[in-house]
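Novice: What follows is final23.cif, made up of mmCIF, C-alpha atoms:
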data_entry
#
loop_
_atom_site.label_atom_id
_atom_site.label_comp_id
_atom_site.auth_asym_id
_atom_site.auth_seq_id
_atom_site.Cartn_x
_atom_site.Cartn_y
_atom_site.Cartn_z
CA MET W 1 0.00 0.00 0.00
CA LYS W 2 1.21 3.48 -0.85
CA TYR W 3 -0.01 6.48 1.14
CA VAL W 4 0.67 10.09 0.12
CA LEU W 5 0.57 12.58 3.02
CA VAL W 6 -0.08 16.19 1.97
CA PHE W 7 0.91 18.78 4.60
CA ASN W 8 -0.04 22.45 4.52
CA PRO W 9 2.72 24.55 6.15
CA ASN W 10 0.25 27.46 6.24
CA ALA W 11 -2.29 25.60 8.39
CA ARG W 12 -2.89 27.29 11.74
CA ARG W 13 -1.74 24.28 13.80
CA TYR W 14 1.15 23.24 11.54
CA SER W 15 4.69 22.99 12.89
CA ARG W 16 7.67 20.86 11.94
CA ARG W 17 7.36 19.04 15.24
CA ALA W 18 3.67 18.30 14.63
CA ALA W 19 4.44 17.08 11.09
CA ALA W 20 7.20 14.80 12.42
CA THR W 21 4.81 13.41 15.03
CA ILE W 22 2.14 12.63 12.43
CA LEU W 23 4.69 10.99 10.16
CA ALA W 24 5.95 8.83 13.03
CA GLN W 25 2.37 7.87 13.90
CA ALA W 26 1.70 6.96 10.26
CA GLU W 27 4.78 4.75 10.12
CA ALA W 28 3.64 2.96 13.28
CA ILE W 29 -0.04 2.57 12.34
CA LEU W 30 0.69 1.72 8.69
CA PRO W 31 3.83 -0.41 9.25
CA HIS W 32 3.94 -2.22 5.91
CA ALA W 33 3.01 0.78 3.75
CA THR W 34 5.11 3.05 1.59
CA ILE W 35 4.60 6.60 2.86
CA THR W 36 5.37 9.60 0.66
CA VAL W 37 5.26 13.16 2.00
CA THR W 38 4.56 16.31 -0.01
CA TYR W 39 3.55 19.90 0.76
CA THR W 40 1.32 22.63 -0.56
CA VAL W 41 3.39 25.52 -1.92
CA PRO W 42 2.66 29.13 -2.93
CA ARG W 43 1.72 29.74 -6.55
CA THR W 44 3.31 32.96 -7.72
CA TYR W 45 2.22 32.71 -11.35
CA SER W 46 -1.54 32.83 -10.84
CA HIS W 47 -4.09 34.69 -8.72
CA ASP W 48 -6.81 32.03 -8.70
CA ARG W 49 -5.24 30.01 -5.88
CA ARG W 50 -2.74 30.93 -3.21
CA TYR W 51 -1.33 27.41 -2.92
CA ALA W 52 -0.94 24.28 -5.04
CA ILE W 53 0.67 20.82 -4.89
CA ASP W 54 3.30 21.08 -7.59
CA ASP W 55 4.61 17.50 -7.37
CA PHE W 56 1.24 15.78 -6.93
CA ALA W 57 1.43 13.92 -10.25
CA ARG W 58 4.75 12.35 -9.30
CA CYS W 59 3.79 11.57 -5.69
CA SER W 60 0.38 10.12 -6.50
CA GLN W 61 1.62 7.67 -9.13
CA ASP W 62 0.42 4.21 -8.05
CA ALA W 63 -0.94 5.67 -4.78
CA ASP W 64 -3.56 3.70 -2.86
CA CYS W 65 -4.62 6.62 -0.66
CA VAL W 66 -4.02 10.38 -0.46
CA VAL W 67 -4.24 12.02 2.97
CA ALA W 68 -4.89 15.75 3.37
CA ILE W 69 -3.45 17.14 6.61
CA GLY W 70 -4.84 20.60 7.33
CA GLY W 71 -8.10 22.51 7.21
CA ASP W 72 -10.80 22.90 4.58
CA GLY W 73 -8.46 24.82 2.27
CA THR W 74 -5.96 21.96 2.27
CA VAL W 75 -8.66 19.40 1.53
CA ASN W 76 -9.84 21.68 -1.28
CA LEU W 77 -6.39 21.63 -2.88
CA VAL W 78 -6.08 17.84 -2.61
CA VAL W 79 -9.56 17.32 -4.06
CA SER W 80 -8.71 19.63 -6.97
CA ALA W 81 -5.53 17.64 -7.61
CA LEU W 82 -7.43 14.34 -7.52
CA MET W 83 -10.06 15.65 -9.93
CA CYS W 84 -7.56 17.18 -12.35
CA SER W 85 -5.47 14.01 -12.41
CA GLY W 86 -8.48 11.74 -12.98
CA LEU W 87 -7.84 9.84 -9.73
CA SER W 88 -10.91 10.97 -7.78
CA THR W 89 -12.88 7.74 -8.23
CA HIS W 90 -9.87 5.44 -7.88
CA VAL W 91 -7.78 6.79 -4.99
CA PRO W 92 -9.54 7.28 -1.62
CA LEU W 93 -9.14 10.57 0.24
CA GLY W 94 -8.20 10.51 3.91
CA VAL W 95 -8.30 13.62 6.11
CA ILE W 96 -6.39 14.50 9.26
CA PRO W 97 -8.02 17.74 10.47
CA TYR W 98 -5.30 20.25 11.28
CA GLY W 99 -6.57 23.70 10.34
CA THR W 100 -8.98 26.48 11.25
CA GLY W 101 -12.02 25.17 9.42
CA ASN W 102 -12.68 21.43 9.49
CA ASN W 103 -16.12 21.06 7.97
CA LEU W 104 -15.89 17.30 7.42
CA VAL W 105 -15.22 16.63 11.11
CA ARG W 106 -18.75 17.38 12.19
CA SER W 107 -20.49 16.49 8.93
CA TYR W 108 -18.93 13.01 8.68
CA GLY W 109 -17.73 12.32 12.22
CA LEU W 110 -14.03 12.40 11.35
CA GLU W 111 -11.53 12.07 14.18
CA ARG W 112 -9.74 15.26 15.26
CA GLN W 113 -6.77 13.49 16.85
CA SER W 114 -4.17 12.47 14.28
CA GLU W 115 -3.58 9.01 15.75
CA LYS W 116 -7.30 8.17 15.72
CA ALA W 117 -7.66 9.67 12.24
CA LEU W 118 -4.86 7.40 10.97
CA LEU W 119 -6.60 4.37 12.45
CA THR W 120 -9.73 5.37 10.51
CA ILE W 121 -7.65 5.77 7.35
CA ARG W 122 -6.13 2.31 7.85
CA GLN W 123 -9.64 0.80 8.04
CA GLY W 124 -10.38 2.33 4.64
CA HIS W 125 -14.19 2.60 4.85
CA THR W 126 -15.33 5.10 2.20
CA VAL W 127 -18.40 7.05 1.17
CA ASN W 128 -18.91 8.99 -2.04
CA LEU W 129 -18.83 12.79 -1.80
CA ASP W 130 -20.02 15.12 -4.56
CA ILE W 131 -17.47 17.65 -5.80
CA GLY W 132 -18.40 21.12 -7.01
CA LEU W 133 -17.06 23.14 -9.92
CA ILE W 134 -17.26 26.93 -10.02
CA ASN W 135 -16.17 28.63 -13.24
CA GLN W 136 -13.95 25.63 -14.08
CA GLN W 137 -12.36 25.55 -10.61
CA TYR W 138 -12.96 22.53 -8.38
CA TYR W 139 -13.88 22.75 -4.72
CA PHE W 140 -14.99 20.07 -2.30
CA VAL W 141 -18.13 20.89 -0.33
CA ASN W 142 -19.51 24.40 0.19
CA ALA W 143 -19.56 27.72 -1.63
CA SER W 144 -21.20 31.05 -0.87
CA PHE W 145 -21.58 34.61 -2.06
CA GLY W 146 -22.28 37.74 -0.06
CA ALA W 147 -21.68 38.20 3.66
CA PHE W 148 -19.51 35.15 4.41
CA SER W 149 -17.20 35.88 1.47
CA TYR W 150 -17.08 39.53 2.51
CA LEU W 151 -16.10 38.61 6.06
CA ILE W 152 -13.53 36.01 4.97
CA ALA W 153 -11.74 38.58 2.81
CA ARG W 154 -11.58 40.98 5.79
CA ARG W 155 -10.82 38.62 8.64
CA VAL W 156 -8.12 39.66 11.06
CA THR W 157 -7.10 36.15 12.07
CA ARG W 158 -8.04 32.59 11.15
CA SER W 159 -9.15 31.75 14.68
CA LEU W 160 -12.74 31.39 15.90
CA LEU W 161 -12.02 34.23 18.33
CA GLY W 162 -11.05 36.36 15.35
CA TRP W 163 -14.38 35.56 13.69
CA THR W 164 -16.21 36.66 16.85
CA TYR W 165 -14.40 39.98 16.59
CA ASP W 166 -14.79 40.40 12.83
CA ILE W 167 -18.54 39.82 12.50
CA PRO W 168 -19.71 42.78 14.64
CA ARG W 169 -16.99 44.96 13.11
CA HIS W 170 -18.37 44.51 9.57
CA LEU W 171 -22.12 44.47 10.11
CA GLY W 172 -22.40 47.68 8.10
CA PHE W 173 -22.19 45.85 4.74
CA THR W 174 -24.90 46.45 2.12
CA PRO W 175 -26.66 43.35 0.72
CA TRP W 176 -25.66 42.51 -2.85
CA PRO W 177 -28.01 42.74 -5.88
CA VAL W 178 -27.99 39.37 -7.65
CA ARG W 179 -29.94 37.47 -10.32
CA LEU W 180 -30.03 33.67 -10.20
CA ARG W 181 -30.99 30.77 -12.42
CA TYR W 182 -30.86 27.15 -11.31
CA THR W 183 -31.49 23.66 -12.62
CA ASP W 184 -33.53 21.57 -10.21
CA ALA W 185 -33.37 17.82 -9.50
CA ALA W 186 -35.80 17.04 -12.33
CA GLY W 187 -33.83 19.07 -14.88
CA GLY W 188 -36.19 22.05 -14.91
CA VAL W 189 -34.70 25.52 -15.19
CA VAL W 190 -35.95 28.17 -12.76
CA GLU W 191 -35.26 31.90 -13.07
CA LEU W 192 -35.30 34.05 -9.93
CA PRO W 193 -35.89 37.80 -10.22
CA GLY W 194 -33.05 40.06 -9.20
CA GLN W 195 -33.00 41.16 -5.57
CA ARG W 196 -30.55 42.00 -2.81
CA TYR W 197 -29.17 39.11 -0.76
CA ILE W 198 -27.33 39.13 2.54
CA VAL W 199 -25.90 35.73 1.72
CA GLY W 200 -26.37 32.79 -0.63
CA ILE W 201 -24.91 29.38 0.24
CA LEU W 202 -24.57 26.19 -1.81
CA LEU W 203 -24.13 23.32 0.63
CA ASN W 204 -23.08 19.73 0.12
CA THR W 205 -22.68 18.90 3.82
CA SER W 206 -24.86 19.52 6.84
CA TYR W 207 -22.37 21.94 8.41
CA TYR W 208 -20.81 25.11 7.04
CA GLY W 209 -17.45 26.17 8.42
CA SER W 210 -17.62 23.34 10.98
CA ILE W 211 -19.93 25.29 13.34
CA LEU W 212 -23.05 26.39 11.43
CA HIS W 213 -25.60 23.57 11.18
CA MET W 214 -27.14 25.08 8.06
CA ALA W 215 -28.35 22.02 6.14
CA PRO W 216 -29.37 19.21 8.53
CA ASP W 217 -30.95 17.28 5.64
CA ALA W 218 -28.01 17.55 3.20
CA VAL W 219 -26.94 14.35 1.41
CA GLY W 220 -23.35 14.37 0.23
CA ASP W 221 -23.69 12.03 -2.75
CA ASP W 222 -27.08 12.91 -4.29
CA GLY W 223 -25.70 15.14 -7.06
CA LEU W 224 -27.50 18.18 -5.64
CA PHE W 225 -26.66 21.33 -3.74
CA ASN W 226 -28.78 22.45 -0.82
CA VAL W 227 -29.17 26.15 -1.63
CA LYS W 228 -29.98 28.71 1.06
CA LEU W 229 -30.74 32.32 0.08
CA VAL W 230 -31.22 35.06 2.67
CA GLY W 231 -32.69 38.24 1.25
CA LYS W 232 -32.26 41.81 2.38
CA ALA W 233 -33.35 42.53 5.96
CA PRO W 234 -33.11 45.50 8.34
CA ARG W 235 -29.75 45.63 10.13
CA LEU W 236 -31.55 45.33 13.46
CA ALA W 237 -32.65 41.88 12.27
CA TYR W 238 -29.08 40.69 11.52
CA PRO W 239 -28.71 38.92 14.91
CA LEU W 240 -31.86 36.94 14.05
CA VAL W 241 -30.45 36.15 10.61
CA PHE W 242 -27.20 34.80 12.06
CA THR W 243 -29.14 32.80 14.67
CA MET W 244 -31.11 31.26 11.81
CA LEU W 245 -27.91 30.39 9.94
CA LEU W 246 -26.34 28.94 13.08
CA THR W 247 -29.25 26.60 13.75
CA GLY W 248 -30.65 25.90 10.28
CA GLN W 249 -34.12 27.12 11.34
CA TYR W 250 -34.99 29.04 8.19
CA ASP W 251 -38.57 29.68 9.25
CA LEU W 252 -37.25 32.31 11.69
CA CYS W 253 -36.85 34.80 8.86
CA LYS W 254 -39.34 35.43 6.07
CA ASN W 255 -36.76 36.68 3.54
CA THR W 256 -35.33 33.22 2.90
CA LYS W 257 -35.55 30.72 0.07
CA THR W 258 -34.30 27.13 0.17
CA PHE W 259 -34.18 24.59 -2.65
CA GLN W 260 -32.06 21.82 -4.17
CA ALA W 261 -30.22 22.27 -7.46
CA ARG W 262 -27.71 20.46 -9.63
CA ARG W 263 -26.52 23.70 -11.25
CA VAL W 264 -26.71 27.34 -10.17
CA GLU W 265 -25.84 30.45 -12.20
CA VAL W 266 -25.28 33.78 -10.44
CA TRP W 267 -25.19 37.23 -12.07
CA PRO W 268 -24.26 39.98 -9.60
CA ASP W 269 -25.33 43.49 -10.62
CA ALA W 270 -22.37 44.83 -8.64
CA ALA W 271 -19.04 43.41 -7.46
CA CYS W 272 -20.07 40.48 -5.27
CA PRO W 273 -17.52 38.34 -3.37
CA PHE W 274 -17.63 34.54 -3.69
CA GLU W 275 -15.77 31.92 -1.66
CA THR W 276 -15.27 28.17 -1.77
CA ASP W 277 -14.45 26.15 1.35
CA GLY W 278 -13.36 29.25 3.25
CA ASP W 279 -11.11 30.79 0.59
CA PRO W 280 -12.18 33.83 -1.48
CA ILE W 281 -11.98 33.58 -5.26
CA PRO W 282 -11.49 36.51 -7.67
CA ILE W 283 -14.62 38.60 -8.20
CA GLN W 284 -16.19 37.81 -11.58
CA PRO W 285 -19.24 39.07 -13.50
CA HIS W 286 -20.85 35.61 -13.71
CA TYR W 287 -20.55 32.41 -11.67
CA THR W 288 -21.63 28.93 -12.76
CA VAL W 289 -21.63 26.32 -10.00
CA GLU W 290 -22.34 22.66 -10.73
CA ILE W 291 -21.65 19.12 -9.53
CA ALA W 292 -18.55 17.87 -11.33
CA GLY W 293 -18.00 14.36 -9.98
CA GLN W 294 -17.24 12.53 -6.75
CA VAL W 295 -14.37 11.52 -4.52
CA ARG W 296 -14.17 8.49 -2.20
CA LEU W 297 -13.88 9.98 1.29
CA ILE W 298 -12.56 7.75 4.08
CA VAL W 299 -14.84 7.97 7.12
CA PRO W 300 -15.26 5.98 10.33
CA PRO W 301 -17.07 2.72 9.62
CA PRO W 302 -20.66 2.48 10.88
CA PRO W 303 -21.09 0.72 14.22
CA GLN W 304 -21.61 -3.00 13.91
CA LYS W 305 -25.04 -4.39 14.71
CA TRP W 306 -25.14 -7.42 16.93
#
Translate this file's structure into structure tokens.
Specialist:
Amino acid sequence: MKYVLVFNPNARRYSRRAAATILAQAEAILPHATITVTYTVPRTYSHDRRYAIDDFARCSQDADCVVAIGGDGTVNLVVSALMCSGLSTHVPLGVIPYGTGNNLVRSYGLERQSEKALLTIRQGHTVNLDIGLINQQYYFVNASFGAFSYLIARRVTRSLLGWTYDIPRHLGFTPWPVRLRYTDAAGGVVELPGQRYIVGILLNTSYYGSILHMAPDAVGDDGLFNVKLVGKAPRLAYPLVFTMLLTGQYDLCKNTKTFQARRVEVWPDAACPFETDGDPIPIQPHYTVEIAGQVRLIVPPPPQKW
């Protein structure tokens, strides 16, 4: 068995000592495996991504498993590499959560401790996970436009404490005017009239950003996004809006729309920020978001029934 470990030196919890510890744990838990280590690196020749895995093609040759070690951004990079190399349906993806945002931890019950996560990876139980594509750029679970993207671009730190500070500091934003068109589960095309939105989210997991339980009924392999749109509201109602997003109780606010879609097109009438898996992408005049395929995600096996 060949395992490729992908470390992100930019992850909040990364250190050389931590990386050495994880590598030693992997060698002990996977004693008869070949273990290859690689790193995400800055891309200085493009503005669409801040990091990439330059030697992924070489490292992943004949790999039996690729393990992303970091947060949601790291998993995003590994998923993109798997999709671009055509390995997404053949090589399982393991995750050792080691970053700020770890969406899959709560959505799929992944282990936070590296030793336990490696034991899960050794067991090799997988589920299929839909992968999104936005303007020809892959991402792995969730995307949004509006307030979350706006806040991400202006965050002071990557910590949860930093988020607590940032949100009240930027509550003066103006909702964004947007037109949308989407393709539903049956293949019908629905046009929505232009209006101002506080936020629009396309979810493929039950949690967003590892703390917001925004889509309790989301199914990760059904080929559909769970779309949540929150329309313009008075600023005094913003605490209610964020409570709604935190709990997934969309009946708390009347200016909401929820639906499932296999494809969503977004036309902002003004510059509107968009993000995927916690990383902002360049502002563009038109966004097309669709399901592009699947990866095999390694998760804890279901409990045995006696």
Novice: Find the spatial neighbours of Ala19 in chain W, counting all atoms listed in the file, within a cut-off of 12 Å - ignore same-chain residues fewer than 5 positions away - and output them as a list in words.
Specialist: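 Using all atoms listed in the file, the neighbours found are Leu5, Val6, Phe7, Asn8, Pro9, Ala11, Arg13, Tyr14, Ala24, Gln25, Ala26, Val37, Thr38, Tyr39, Ile69, Gly70, Ile96, Tyr98 and Ser114 of chain W.
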Novice: Translate the PyMOL selection byres ((chain W and resi 258-267) around 6), as applied to the file shown, into an explicit residue set as number ranges by chain.
Specialist: W: 178-185, 224-228, 257, 268, 286-290
Novice: For the file shown, what are the residues hit by the PyMOL selection byres ((chain W and resi 55) around 12), laid out as JSON, numbers by chain?
Specialist: {"W": [4, 6, 36, 37, 38, 39, 40, 41, 52, 53, 54, 56, 57, 58, 59, 60, 61, 78, 81, 85]}
Novice: Looking at all atoms listed in the file, which of W:Gly194, W:Gly220, W:Gly248, W:Pro280 is the one that sits closest to Val127 in chain W?
Specialist: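 Counting all atoms listed in the file, the residue closest to Val127 in chain W is W:Gly220.
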Novice: Given the file shown, determine the residues that the PyMOL selection byres ((chain W and resi 213) around 12) selects; report them as a list in words.
Specialist: Asn103, Arg106, Ser107, Leu203, Asn204, Thr205, Ser206, Tyr207, Tyr208, Gly209, Ser210, Ile211, Leu212, Met214, Ala215, Pro216, Asp217, Ala218, Phe242, Thr243, Met244, Leu245, Leu246, Thr247, Gly248, Gln249 and Tyr250 of chain W
Novice: Expressed in Å to a single decimal, how great is the separation between CA of Ala63 in chain W and CA of Ile35 in chain W?
Specialist: 9.5 Å
Novice: Go ahead and compute the interatomic distance for CA of Pro234 in chain W and CA of Gln195 in chain W, in Å to one decimal.
Specialist: 14.6 Å
